[in-house]
Each structure stands twice: as C-alpha cells, then as structure tokens.
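Engineer: For reference, this is target-v5.cif, and it has mmCIF, C-alpha atoms.
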data_coords
loop_
_atom_site.label_atom_id
_atom_site.label_comp_id
_atom_site.auth_asym_id
_atom_site.auth_seq_id
_atom_site.Cartn_x
_atom_site.Cartn_y
_atom_site.Cartn_z
CA MET A 1 91.70 142.91 88.50
CA ARG A 2 91.72 142.24 84.75
CA GLY A 3 95.12 143.91 84.43
CA MET A 4 96.65 141.45 86.90
CA LEU A 5 95.41 138.32 85.13
CA PRO A 6 97.83 138.51 82.17
CA LYS A 7 100.75 139.19 84.53
CA VAL A 8 99.82 136.29 86.80
CA SER A 9 99.39 134.00 83.78
CA GLU A 10 102.80 135.04 82.46
CA GLU A 11 104.45 134.34 85.83
CA ARG A 12 102.70 130.98 86.00
CA ASP A 13 103.98 130.10 82.51
CA LYS A 14 107.54 131.12 83.44
CA MET A 15 107.37 129.03 86.60
CA TRP A 16 106.02 126.07 84.63
CA GLU A 17 108.94 126.34 82.18
CA LYS A 18 111.36 126.47 85.11
CA VAL A 19 109.74 123.36 86.62
CA LYS A 20 110.12 121.53 83.29
CA GLN A 21 113.77 122.58 83.03
CA CYS A 22 114.47 121.44 86.58
CA SER A 23 112.71 118.15 85.91
CA GLU A 24 114.84 117.53 82.81
CA GLN A 25 118.00 118.43 84.69
CA ASN A 26 116.97 116.10 87.51
CA MET A 27 116.50 113.23 85.04
CA LEU A 28 119.92 113.88 83.52
CA LEU A 29 121.56 113.99 86.94
CA ASN A 30 119.83 110.77 87.99
CA SER A 31 121.06 109.11 84.82
CA GLU A 32 124.60 110.32 85.52
CA ILE A 33 124.35 109.02 89.09
CA ASN A 34 123.38 105.58 87.77
CA VAL A 35 126.33 105.56 85.36
CA LEU A 36 128.69 106.55 88.17
CA LYS A 37 127.26 103.85 90.45
CA GLU A 38 127.93 101.26 87.74
CA LYS A 39 131.50 102.53 87.34
CA ILE A 40 132.02 102.30 91.11
CA GLU A 41 130.70 98.75 91.07
CA THR A 42 133.09 97.84 88.25
CA LEU A 43 136.01 99.42 90.09
CA ASP A 44 135.09 97.56 93.30
CA GLU A 45 135.08 94.29 91.35
CA ASP A 46 138.45 95.18 89.78
CA ILE A 47 139.87 95.85 93.24
CA LEU A 48 138.71 92.44 94.45
CA VAL A 49 140.26 90.76 91.41
CA LYS A 50 143.56 92.62 91.89
CA GLU A 51 143.62 91.78 95.61
CA GLY A 52 143.05 88.13 94.73
CA GLN A 53 145.86 88.23 92.17
CA ILE A 54 148.18 89.81 94.73
CA THR A 55 147.33 87.11 97.27
CA ILE A 56 147.93 84.36 94.70
CA LEU A 57 151.28 85.90 93.72
CA LYS A 58 152.34 86.27 97.36
CA ASP A 59 151.40 82.65 98.04
CA SER A 60 153.21 81.39 94.94
CA ILE A 61 156.35 83.37 95.76
CA GLY A 62 156.52 81.72 99.16
CA LYS A 63 156.18 78.21 97.67
CA ARG A 64 158.73 78.44 94.86
CA PRO A 65 162.42 77.63 95.25
CA TYR A 66 163.25 81.15 94.15
CA GLY A 67 160.88 82.68 96.72
CA ASP A 68 163.64 84.93 98.06
CA LEU A 69 164.05 86.36 94.57
CA LEU A 70 163.12 89.85 95.66
CA GLY A 71 165.56 89.92 98.53
CA SER A 72 168.78 88.63 97.02
CA PRO A 73 170.68 89.85 93.95
CA ASP A 74 172.43 86.44 93.70
CA SER A 75 169.08 84.68 93.54
CA MET A 76 167.96 87.05 90.83
CA HIS A 77 171.08 86.28 88.79
CA GLU A 78 170.48 82.53 89.19
CA PHE A 79 166.86 82.95 88.22
CA LEU A 80 167.76 84.84 85.05
CA LEU A 81 170.26 82.14 84.04
CA ARG A 82 167.64 79.36 84.22
#
Would you give me this structure, written as structure tokens?

Structural biologist:
Amino acid sequence: MRGMLPKVSEERDKMWEKVKQCSEQNMLLNSEINVLKEKIETLDEDILVKEGQITILKDSIGKRPYGDLLGSPDSMHEFLLR
C-alpha cells in the first residue's frame, strides 16, 4: 500500500499540471474568441456603411443629368470635358 502512495501522488500532480495547462489554454482561446467577435462586429458595421454608400451613389447617379454616364461613351466624353 505504501508503495502505491508515491505513484498515485505523482499521477495526481501530473493531472493537476495538465488541468492548469488546459485552463490557461482555455483562457487564451476565450480571449481570442472575444477579439474575433469584435472584428466580426467591426466588419459587419463596415458592410452596412458600404451598403449605405452604394445606395447613396446609386440614388445620386439616377438624379444627375449625367446619370447614363456608365452606359454611353459619348456621355463620358461630355462629362470629362465639363
């Protein structure tokens, strides 16, 4: 029985070290997850801004006298001469 005690204690210590390592790794991964979530949030906001800019540009193209600019080479030439 006494011969088993040191071996059991050693195994317990190894397992405890493994638990600490896993806990540290878990904290690091959770931190990385939070950083990635923030990046996703920023990208989602950027997408909304870009979509808004696209909508504004589309609306302004339709309202301007040179709205057919993209479809006609003659209009493009006139636009560049202004």

Engineer: What is the distance between CA of Lys39 in chain A and CA of Lys58 in chain A, in Å to one decimal?

Structural biologist: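 CA of Lys39 in chain A sits 28.3 Å away from CA of Lys58 in chain A.
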
Engineer: Any idea what the distance is between CA of Asn30 in chain A and CA of Leu43 in chain A?

Structural biologist: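 Computing it gives 19.9 Å between the two atoms.
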
Engineer: Please compute the CA of Arg2 in chain A-CA of Lys14 in chain A distance, one decimal, in Å.

Structural biologist: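 If I compute the distance from CA of Arg2 in chain A to CA of Lys14 in chain A, I get 19.4 Å.
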
Engineer: Show me, as JSON, the centre and edge lengths in Å to one decimal of the axis-aligned box that covers every listed atom of range 51-59 of chain A with 5 Å on each side.

Structural biologist:
{"center_x": 147.7, "center_y": 87.2, "center_z": 95.1, "size_x": 19.3, "size_y": 19.1, "size_z": 15.9}
